[in-house]
>>> print(open('start13.txt').read())   # compact mmCIF, C-alpha atoms
# COMPACT_ATOMS: atom_id res chain seq x y z
CA MET A 1320 35.40 -2.05 26.04
CA ILE A 1321 31.77 -1.25 26.85
CA LEU A 1322 31.80 1.59 24.33
CA ARG A 1323 33.27 -0.73 21.74
CA ILE A 1324 30.43 -3.23 22.32
CA LEU A 1325 27.88 -0.41 22.19
CA HIS A 1326 29.44 0.80 18.95
CA TRP A 1327 29.21 -2.65 17.43
CA LEU A 1328 25.65 -3.17 18.72
CA SER A 1329 24.52 0.21 17.37
CA ARG A 1330 25.93 -0.63 13.95
CA CYS A 1331 24.22 -4.01 13.87
CA ILE A 1332 20.87 -2.70 15.12
CA LEU A 1333 20.83 0.22 12.69
CA ALA A 1334 21.99 -1.93 9.80
CA GLY A 1335 19.29 -4.49 10.57
CA ILE A 1336 16.61 -1.80 10.74
CA PHE A 1337 17.69 -0.14 7.48
CA LEU A 1338 17.97 -3.44 5.62
CA TYR A 1339 14.58 -4.64 6.84
CA THR A 1340 12.70 -1.38 6.21
CA GLY A 1341 14.38 -0.97 2.83
CA TYR A 1342 13.46 -4.53 1.91
CA ILE A 1343 9.75 -4.17 2.72
CA LYS A 1344 9.59 -0.92 0.74
CA ILE A 1345 11.32 -2.39 -2.30
CA ARG A 1346 8.96 -5.32 -2.11
CA SER A 1347 5.91 -3.01 -2.16
CA PRO A 1348 6.75 0.17 -4.09
CA LEU A 1349 3.12 1.09 -4.73
CA GLN A 1350 2.21 0.57 -1.09
CA PHE A 1351 5.11 2.79 -0.09
CA ALA A 1352 3.97 5.38 -2.63
CA ALA A 1353 0.52 5.23 -1.00
CA VAL A 1354 2.10 5.85 2.40
CA LEU A 1355 4.10 8.81 1.08
CA SER A 1356 1.02 10.37 -0.49
CA GLY A 1357 -0.84 9.80 2.79
CA TYR A 1358 1.47 12.33 4.48
CA GLN A 1359 0.00 15.03 2.20
CA LEU A 1360 3.34 16.79 2.11
CA PHE A 1361 4.82 15.91 -1.25
CA PRO A 1362 3.52 16.71 -4.74
CA ASP A 1363 2.08 13.71 -6.61
CA SER A 1364 4.81 14.03 -9.26
CA LEU A 1365 7.49 13.32 -6.64
CA ILE A 1366 5.80 10.35 -4.97
CA LEU A 1367 6.84 7.59 -7.38
CA PRO A 1368 10.49 8.73 -7.74
CA MET A 1369 10.73 8.95 -3.95
CA ALA A 1370 9.20 5.49 -3.59
CA ASP A 1371 11.77 4.20 -6.08
CA TYR A 1372 14.94 5.66 -4.59
CA PHE A 1373 14.33 6.06 -0.87
CA PRO A 1374 14.40 2.30 -0.05
CA TRP A 1375 17.69 1.87 -1.92
CA ILE A 1376 19.22 4.62 0.22
CA GLU A 1377 18.19 2.60 3.27
CA ILE A 1378 19.64 -0.59 1.81
CA VAL A 1379 22.95 1.08 0.94
CA LEU A 1380 23.18 2.63 4.42
CA GLY A 1381 22.42 -0.77 5.98
CA VAL A 1382 25.13 -2.48 3.96
CA LEU A 1383 27.68 0.27 4.69
CA LEU A 1384 26.90 0.10 8.41
CA LEU A 1385 27.40 -3.65 8.33
CA ILE A 1386 30.73 -3.54 6.53
CA GLY A 1387 31.83 -0.54 8.61
CA TRP A 1388 33.10 1.61 5.74
CA LYS A 1389 33.51 5.32 6.68
CA ILE A 1390 31.28 4.66 9.64
CA ARG A 1391 31.03 8.24 10.90
CA TYR A 1392 30.02 9.65 7.53
CA VAL A 1393 27.51 6.84 7.11
CA ALA A 1394 26.18 7.45 10.64
CA VAL A 1395 25.75 11.17 9.89
CA ALA A 1396 23.82 10.25 6.73
CA ALA A 1397 21.70 7.82 8.76
CA CYS A 1398 21.00 10.57 11.33
CA ALA A 1399 19.95 12.95 8.56
CA LEU A 1400 17.64 10.33 7.03
CA LEU A 1401 16.08 9.37 10.35
CA ALA A 1402 15.69 13.00 11.45
CA SER A 1403 13.97 13.95 8.20
CA PHE A 1404 11.66 10.96 8.49
CA LEU A 1405 10.91 11.84 12.10
CA THR A 1406 10.13 15.43 11.08
CA VAL A 1407 7.70 14.24 8.41
CA LEU A 1408 5.96 11.92 10.89
CA THR A 1409 5.72 14.64 13.54
CA ILE A 1410 4.33 17.21 11.09
CA THR A 1411 1.77 14.71 9.80
CA TYR A 1412 0.72 13.75 13.33
CA PHE A 1413 0.28 17.33 14.52
CA ARG A 1414 -1.65 18.25 11.38
CA GLY A 1415 -4.16 15.64 12.49
CA ILE A 1416 -3.79 13.54 9.34
CA GLU A 1417 -4.56 9.87 9.78
CA ALA A 1418 -1.74 8.28 7.84
CA ASN A 1419 0.29 5.13 7.99
CA CYS A 1420 3.79 5.37 9.37
CA GLY A 1421 5.34 3.09 6.75
CA CYS A 1422 8.19 2.35 9.13
CA PHE A 1423 8.17 -1.37 9.90
CA SER A 1424 4.86 -2.25 8.28
CA PHE A 1425 2.28 -0.50 6.13
CA GLU A 1426 -0.57 -0.85 8.60
CA ASP A 1427 1.04 1.09 11.41
CA ARG A 1428 -0.82 4.37 12.10
CA ILE A 1429 1.25 7.42 13.02
CA SER A 1430 0.94 8.02 16.75
CA LEU A 1431 3.04 9.36 19.60
CA LEU A 1432 4.18 5.77 20.06
CA THR A 1433 5.56 5.48 16.52
CA ILE A 1434 7.19 8.92 16.85
CA GLY A 1435 8.76 7.86 20.17
CA ARG A 1436 9.96 4.58 18.68
CA ASP A 1437 11.59 6.37 15.74
CA THR A 1438 13.25 8.81 18.13
CA LEU A 1439 14.77 5.82 19.92
CA ILE A 1440 16.13 4.55 16.59
CA LEU A 1441 17.85 7.89 16.12
CA LEU A 1442 19.88 7.36 19.32
CA PRO A 1443 22.26 4.63 18.03
CA ALA A 1444 22.80 6.67 14.87
CA LEU A 1445 23.69 9.72 16.94
CA PHE A 1446 25.99 7.61 19.09
CA LEU A 1447 27.83 6.32 16.01
CA ALA A 1448 28.09 9.80 14.53
CA LEU A 1449 29.46 11.33 17.73
CA SER A 1450 31.68 8.54 19.10
CA ARG A 1451 35.34 8.61 18.19
CA LEU A 1452 36.66 5.12 17.79
CA ARG A 1453 40.12 4.76 16.24
CA GLY A 1454 39.84 4.25 12.51
CA SER A 1455 36.19 5.18 12.40
CA GLY A 1456 36.65 8.54 10.71
CA PRO A 1457 38.96 10.75 8.74
CA GLY A 1458 41.53 13.25 10.04
CA PRO A 1459 44.38 13.05 12.48
CA ALA A 1460 44.82 10.33 15.04
CA ARG A 1461 41.86 10.11 17.40
CA PRO A 1462 41.92 9.04 21.00
CA GLU A 1463 41.13 5.41 21.32
CA ILE A 1464 38.40 4.32 23.66
CA ALA A 1465 39.66 1.90 26.22
CA MET B 38 35.30 -6.30 -10.26
CA ARG B 39 34.74 -2.56 -10.16
CA MET B 40 32.24 -0.82 -7.85
CA SER B 41 30.27 0.37 -10.90
CA TYR B 42 29.51 -3.28 -11.73
CA LEU B 43 28.97 -4.36 -8.19
CA VAL B 44 26.15 -1.94 -7.34
CA PRO B 45 23.79 -2.76 -10.26
CA THR B 46 24.50 -6.47 -9.84
CA PHE B 47 23.64 -6.27 -6.16
CA CYS B 48 20.46 -4.28 -6.93
CA ALA B 49 19.35 -6.74 -9.60
CA LEU B 50 19.94 -9.71 -7.31
CA LEU B 51 18.03 -8.08 -4.48
CA ALA B 52 15.15 -7.04 -6.76
CA ALA B 53 14.90 -10.62 -8.04
CA PHE B 54 14.95 -11.88 -4.48
CA VAL B 55 12.14 -9.61 -3.31
CA ALA B 56 9.87 -10.15 -6.34
CA VAL B 57 6.60 -11.76 -5.28
CA PRO B 58 5.15 -14.23 -7.76
CA ALA B 59 1.52 -13.57 -8.71
CA GLN B 60 -1.06 -15.88 -7.20
CA ALA B 61 -3.30 -17.93 -9.45
CA PRO B 62 -6.39 -15.90 -10.38
CA ALA B 63 -9.60 -17.11 -8.77
CA VAL B 64 -11.91 -14.80 -10.68
CA THR B 65 -14.44 -14.93 -13.47
CA PRO B 66 -15.05 -12.33 -16.22
CA GLU B 67 -18.32 -11.39 -14.46
CA GLN B 68 -16.31 -10.00 -11.55
CA CYS B 69 -14.60 -7.43 -13.79
CA VAL B 70 -15.84 -3.89 -13.32
CA GLY B 71 -13.89 -3.00 -16.44
CA GLY B 72 -11.46 -4.56 -18.88
CA LYS B 73 -10.70 -8.15 -19.77
CA LEU B 74 -9.08 -10.81 -17.62
CA ASP B 75 -6.08 -11.10 -19.94
CA ALA B 76 -5.20 -7.39 -19.64
CA PRO B 77 -1.50 -6.76 -18.85
CA VAL B 78 -2.35 -5.19 -15.49
CA ARG B 79 -4.91 -6.56 -13.06
CA ILE B 80 -6.30 -4.71 -10.07
CA GLU B 81 -8.33 -6.75 -7.57
CA VAL B 82 -10.10 -4.67 -4.97
CA PHE B 83 -11.61 -5.91 -1.71
CA SER B 84 -14.13 -3.28 -0.77
CA ASP B 85 -16.94 -2.47 1.64
CA PHE B 86 -19.81 -0.23 0.49
CA GLN B 87 -20.14 1.43 3.90
CA CYS B 88 -16.47 2.35 4.16
CA PRO B 89 -15.74 6.04 3.33
CA ALA B 90 -12.22 5.30 2.07
CA CYS B 91 -13.68 2.68 -0.31
CA ARG B 92 -16.09 5.32 -1.59
CA THR B 93 -13.27 7.77 -2.31
CA PHE B 94 -11.14 5.07 -3.89
CA TYR B 95 -13.95 3.90 -6.19
CA LEU B 96 -15.27 7.32 -7.22
CA ASP B 97 -11.96 9.21 -7.47
CA VAL B 98 -9.56 6.52 -8.59
CA ILE B 99 -11.12 3.31 -9.92
CA GLN B 100 -13.70 5.04 -12.13
CA LYS B 101 -10.87 7.01 -13.78
CA VAL B 102 -8.81 3.85 -14.22
CA VAL B 103 -11.80 2.14 -15.85
CA GLU B 104 -12.36 5.11 -18.18
CA THR B 105 -8.70 5.53 -19.11
CA TYR B 106 -7.29 2.02 -19.20
CA CYS B 107 -10.03 -0.60 -19.20
CA SER B 108 -11.55 0.74 -22.41
CA ARG B 109 -8.14 0.12 -24.06
CA ASP B 110 -7.87 -3.36 -22.47
CA LYS B 111 -4.74 -2.33 -20.61
CA VAL B 112 -6.12 -2.91 -17.13
CA CYS B 113 -8.69 -5.29 -15.69
CA VAL B 114 -10.40 -4.12 -12.51
CA ILE B 115 -12.00 -6.81 -10.37
CA TYR B 116 -14.15 -6.07 -7.35
CA HIS B 117 -14.68 -8.43 -4.43
CA GLU B 118 -17.25 -7.88 -1.72
CA PHE B 119 -15.65 -7.59 1.69
CA PRO B 120 -18.36 -6.27 4.06
CA LEU B 121 -16.80 -5.50 7.41
CA LYS B 122 -18.58 -6.80 10.49
CA ASN B 123 -18.63 -3.42 12.21
CA HIS B 124 -20.64 -1.86 9.36
CA ASN B 125 -24.28 -2.77 9.95
CA LEU B 126 -25.49 -2.14 6.38
CA ALA B 127 -22.42 -3.27 4.47
CA ARG B 128 -23.72 -6.81 4.02
CA VAL B 129 -27.11 -5.56 2.78
CA ALA B 130 -25.40 -3.34 0.21
CA ALA B 131 -23.08 -6.17 -0.81
CA ARG B 132 -26.11 -8.42 -1.45
CA TYR B 133 -27.62 -5.82 -3.81
CA SER B 134 -24.29 -5.43 -5.53
CA LYS B 135 -23.82 -9.17 -5.97
CA ALA B 136 -27.37 -9.54 -7.32
CA ALA B 137 -26.76 -6.66 -9.75
CA GLN B 138 -23.53 -8.32 -10.87
CA ARG B 139 -25.63 -11.27 -12.04
CA LEU B 140 -27.78 -8.95 -14.19
CA GLY B 141 -24.75 -7.78 -16.14
CA ARG B 142 -21.77 -5.45 -15.95
CA LYS B 143 -23.78 -2.35 -16.88
CA GLN B 144 -26.30 -2.87 -14.08
CA TRP B 145 -23.59 -3.83 -11.61
CA VAL B 146 -21.54 -0.71 -12.30
CA THR B 147 -24.70 1.40 -12.03
CA VAL B 148 -25.55 -0.09 -8.63
CA MET B 149 -21.96 0.29 -7.38
CA GLY B 150 -21.88 3.90 -8.50
CA ALA B 151 -25.22 4.62 -6.80
CA LEU B 152 -24.22 2.91 -3.56
CA TYR B 153 -20.91 4.75 -3.30
CA THR B 154 -22.25 8.12 -4.43
CA SER B 155 -25.17 8.03 -1.98
CA GLN B 156 -23.24 6.29 0.79
CA ALA B 157 -23.98 9.01 3.37
CA GLU B 158 -27.72 8.84 2.59
CA TRP B 159 -28.33 5.11 2.96
CA THR B 160 -25.86 4.79 5.83
CA TRP B 161 -27.90 7.43 7.65
CA ASP B 162 -31.45 6.18 6.98
CA GLY B 163 -30.88 2.60 5.85
CA SER B 164 -32.58 3.17 2.48
CA VAL B 165 -30.31 0.95 0.41
CA GLU B 166 -33.16 -0.14 -1.83
CA GLY B 167 -34.38 3.45 -2.25
CA VAL B 168 -30.98 4.51 -3.60
CA ILE B 169 -30.81 1.56 -5.98
CA SER B 170 -34.38 2.00 -7.22
CA ARG B 171 -33.48 5.51 -8.37
CA ALA B 172 -30.50 4.22 -10.33
CA LEU B 173 -31.99 1.18 -12.11
CA SER B 174 -34.84 0.87 -14.58
CA PRO B 175 -38.08 -0.68 -13.20
CA GLN B 176 -37.41 -3.88 -15.18
CA ASP B 177 -33.89 -4.22 -13.87
CA LEU B 178 -35.04 -3.47 -10.35
CA ALA B 179 -37.71 -6.17 -10.54
CA GLU B 180 -35.14 -8.65 -11.83
CA LEU B 181 -32.68 -7.60 -9.13
CA LYS B 182 -35.22 -8.22 -6.37
CA LYS B 183 -35.88 -11.68 -7.78
CA ARG B 184 -32.16 -12.45 -7.75
CA LEU B 185 -31.83 -11.22 -4.18
CA GLU B 186 -33.95 -14.15 -3.04
CA ASP B 187 -31.38 -16.58 -4.40
CA PRO B 188 -29.53 -18.08 -1.40
CA SER B 189 -26.39 -18.42 -3.50
CA ILE B 190 -25.96 -14.63 -3.23
CA ASP B 191 -24.90 -14.98 0.41
CA ALA B 192 -22.73 -17.95 -0.42
CA ALA B 193 -20.98 -15.93 -3.13
CA ILE B 194 -20.30 -13.07 -0.71
CA ASP B 195 -19.01 -15.50 1.93
CA LYS B 196 -16.69 -17.00 -0.68
CA GLU B 197 -15.25 -13.59 -1.52
CA VAL B 198 -14.81 -12.74 2.16
CA ALA B 199 -13.04 -16.07 2.65
CA LEU B 200 -10.83 -15.30 -0.34
CA GLY B 201 -9.96 -11.93 1.19
CA GLU B 202 -9.15 -13.49 4.54
CA LYS B 203 -6.98 -16.07 2.83
CA ARG B 204 -5.10 -13.22 1.17
CA GLU B 205 -4.70 -11.48 4.54
CA VAL B 206 -7.14 -8.65 3.85
CA GLN B 207 -7.82 -7.00 7.20
CA SER B 208 -9.17 -3.61 6.22
CA THR B 209 -10.80 -1.94 3.27
CA PRO B 210 -9.98 -0.92 0.67
CA THR B 211 -7.21 -3.40 0.08
CA PHE B 212 -6.18 -4.09 -3.48
CA PHE B 213 -3.80 -6.37 -5.32
CA LEU B 214 -2.07 -5.11 -8.43
CA SER B 215 -0.55 -7.81 -10.57
CA SER B 216 1.49 -7.49 -13.72
CA ARG B 217 4.38 -9.29 -15.40
CA GLY B 218 4.06 -12.22 -13.03
CA LYS B 219 4.39 -10.09 -9.91
CA GLU B 220 1.73 -9.14 -7.42
CA GLU B 221 1.66 -6.31 -4.92
CA ARG B 222 -0.73 -5.90 -2.02
CA VAL B 223 -1.75 -2.34 -1.17
CA VAL B 224 -3.69 -1.44 1.98
CA GLY B 225 -5.72 1.74 1.65
CA GLY B 226 -6.23 3.94 -1.33
CA VAL B 227 -3.76 5.56 -3.67
CA PRO B 228 -4.35 8.92 -5.38
CA TYR B 229 -5.17 8.61 -9.08
CA PRO B 230 -2.04 10.44 -10.37
CA VAL B 231 0.19 8.04 -8.41
CA LEU B 232 -1.66 4.92 -9.59
CA LYS B 233 -1.72 6.26 -13.15
CA GLY B 234 2.05 6.83 -13.09
CA TYR B 235 2.59 3.33 -11.78
CA ILE B 236 0.30 1.70 -14.37
CA ASP B 237 1.90 3.71 -17.19
CA ARG B 238 5.29 2.33 -16.24
CA LEU B 239 3.93 -1.22 -16.27
CA ILE B 240 2.22 -1.02 -19.65
CA ASP B 241 4.85 1.04 -21.51
>>> encode(input="start13.txt", output="structure tokens")
Amino acid sequence: MILRILHWLSRCILAGIFLYTGYIKIRSPLQFAAVLSGYQLFPDSLILPMADYFPWIEIVLGVLLLIGWKIRYVAVAACALLASFLTVLTITYFRGIEANCGCFSFEDRISLLTIGRDTLILLPALFLALSRLRGSGPGPARPEIA
Amino acid sequence: MRMSYLVPTFCALLAAFVAVPAQAPAVTPEQCVGGKLDAPVRIEVFSDFQCPACRTFYLDVIQKVVETYCSRDKVCVIYHEFPLKNHNLARVAARYSKAAQRLGRKQWVTVMGALYTSQAEWTWDGSVEGVISRALSPQDLAELKKRLEDPSIDAAIDKEVALGEKREVQSTPTFFLSSRGKEERVVGGVPYPVLKGYIDRLID
């Protein structure tokens, strides 16, 4: 029962985060492009396409998490997205570049705090990807959590 | 309804929902660094002469935008003074800039260029006037000094600072890009190739 509640909570929290962060990026594509260029990792030619598509990936993941469709696949995709974002933040921080995180707002400087916070966000995604609730993934019958 | 219809419909609805309507312009043609007020794209910058990021943004980005787009009346660039309190000479520089604005666009752009280009120099020794005197003709400099005595210069700067605060400007540079009835607030600078790509999409 507790695992079931945790599963449901993780879905809701992750969905809320993805929908919110996707929304603020769609609302300010140029600001998000500025944040991406601030990482000094991507070529200028890729910045605008990334700023266009990345937020929609977040929105789609948020919606899929909410409706619970193919939850384990969606959770794995969410883990991949969060892990890649975390990698970018960590690289930028240790290169000593003063850049905005672009996570929950556009005036949030990358720091150990923001990296720690994003690591915490990865935890519910990992939990969803690894937990085996009945009907939450493909393949043969899975043990049901009591 | 098929999924192929659902996804674009959802995207369109969400995009319409998140669109931010442009605020009413509170600017005059004299505040344009380049271009005309009725240009399809408007960039309003809140800037501080003592801020290094503002220097980079003006010299590496805005000057190129003015050269490339303002001459074709595709973009209007507006500059607002926003001297930050922690920069001891920012207000002094803003006063010179505001006085130069009243001489004309040519003189204003010359003074802005000189202040940003020699930012390290006057920030170090406080020689704001020395930097400007090298950039302007003696006649223009004399006229500028006369205008500096006008108390409305400070009032004009205060008005622009108040406008920035009203629009939630907290750091510099912060700019607002408006086009097609939508406005976007951007904190910090953007590299020229990125801004160029964005403007090209708006005016095509």
>>> interface_residues(input="start13.txt", of="chain A", to="chain B", cutoff="9 Å", atoms="only C-alpha atoms", output="CSV table (one decimal) with C-alpha atoms, in the frame of the given file")
chain,number,residue,atom,x,y,z
A,1342,TYR,CA,13.5,-4.5,1.9
A,1343,ILE,CA,9.8,-4.2,2.7
A,1345,ILE,CA,11.3,-2.4,-2.3
A,1346,ARG,CA,9.0,-5.3,-2.1
A,1347,SER,CA,5.9,-3.0,-2.2
A,1348,PRO,CA,6.8,0.2,-4.1
A,1349,LEU,CA,3.1,1.1,-4.7
A,1350,GLN,CA,2.2,0.6,-1.1
A,1351,PHE,CA,5.1,2.8,-0.1
A,1352,ALA,CA,4.0,5.4,-2.6
A,1353,ALA,CA,0.5,5.2,-1.0
A,1354,VAL,CA,2.1,5.8,2.4
A,1356,SER,CA,1.0,10.4,-0.5
A,1357,GLY,CA,-0.8,9.8,2.8
A,1363,ASP,CA,2.1,13.7,-6.6
A,1364,SER,CA,4.8,14.0,-9.3
A,1366,ILE,CA,5.8,10.4,-5.0
A,1367,LEU,CA,6.8,7.6,-7.4
A,1375,TRP,CA,17.7,1.9,-1.9
A,1425,PHE,CA,2.3,-0.5,6.1
A,1426,GLU,CA,-0.6,-0.8,8.6
>>> residues_around(input="start13.txt", residues="Gly141 in chain B", least_positions_apart="3", cutoff="12 Å", atoms="all atoms listed in the file", output="MDAnalysis selection string")
chainID B and resid 66:71 134:138 144:148 177 180:181
>>> closest_residue(input="start13.txt", among="B:Lys203, B:Lys233, B:Lys143, B:Lys196", to="Ser174 in chain B", atoms="all atoms listed in the file")
B:Lys143
>>> atom_distance(input="start13.txt", atom1="CA of Ala151 in chain B", atom2="CA of Gln176 in chain B")
17.1 Å
>>> atom_distance(input="start13.txt", atom1="CA of Phe1446 in chain A", atom2="CA of Gly1341 in chain A")
21.7 Å
>>> closest_residue(input="start13.txt", among="B:Leu96, B:Cys91, B:Met149, B:Cys107", to="Asp75 in chain B", atoms="only C-alpha atoms")
B:Cys107
>>> residues_around(input="start13.txt", residues="Thr154 in chain B", least_positions_apart="2", cutoff="12 Å", atoms="only C-alpha atoms", output="list in words")
Phe86, Gln87, Cys88, Pro89, Cys91, Arg92, Thr93, Phe94, Tyr95, Leu96, Asp97, Gln100, Val146, Thr147, Val148, Met149, Gly150, Ala151, Leu152, Gln156, Ala157, Glu158, Trp159, Thr160, Val165, Val168, Ile169 and Ala172 of chain B
>>> residues_around(input="start13.txt", residues="Ser1403 in chain A", least_positions_apart="6", cutoff="12 Å", atoms="all atoms listed in the file", output="list in words")
Ala1396, Ala1397, Thr1409, Ile1410, Asp1437, Thr1438 and Leu1441 of chain A
>>> write_last_selection(input="start13.txt", atoms="C-alpha atoms", output="compact mmCIF listing (two decimals), in the coordinates of the input")
# COMPACT_ATOMS: atom_id res chain seq x y z
CA ALA A 1396 23.82 10.25 6.73
CA ALA A 1397 21.70 7.82 8.76
CA THR A 1409 5.72 14.64 13.54
CA ILE A 1410 4.33 17.21 11.09
CA ASP A 1437 11.59 6.37 15.74
CA THR A 1438 13.25 8.81 18.13
CA LEU A 1441 17.85 7.89 16.12
>>> residues_around(input="start13.txt", residues="range 1332-1334 of chain A", least_positions_apart="6", cutoff="7 Å", atoms="all atoms listed in the file", output="list of chain:residue names")
A:Gly1381, A:Val1382, A:Leu1384, A:Leu1385
>>> atom_distance(input="start13.txt", atom1="CA of Ala1418 in chain A", atom2="CA of Ser155 in chain B")
25.4 Å
>>> residues_near_point(input="start13.txt", point="(-15.4, -19.2, -1.2)", cutoff="12 Å", atoms="all atoms listed in the file", output="list in words")
Ala63, Val64, His117, Glu118, Phe119, Ser189, Ile190, Asp191, Ala192, Ala193, Ile194, Asp195, Lys196, Glu197, Val198, Ala199, Leu200, Gly201, Glu202 and Lys203 of chain B
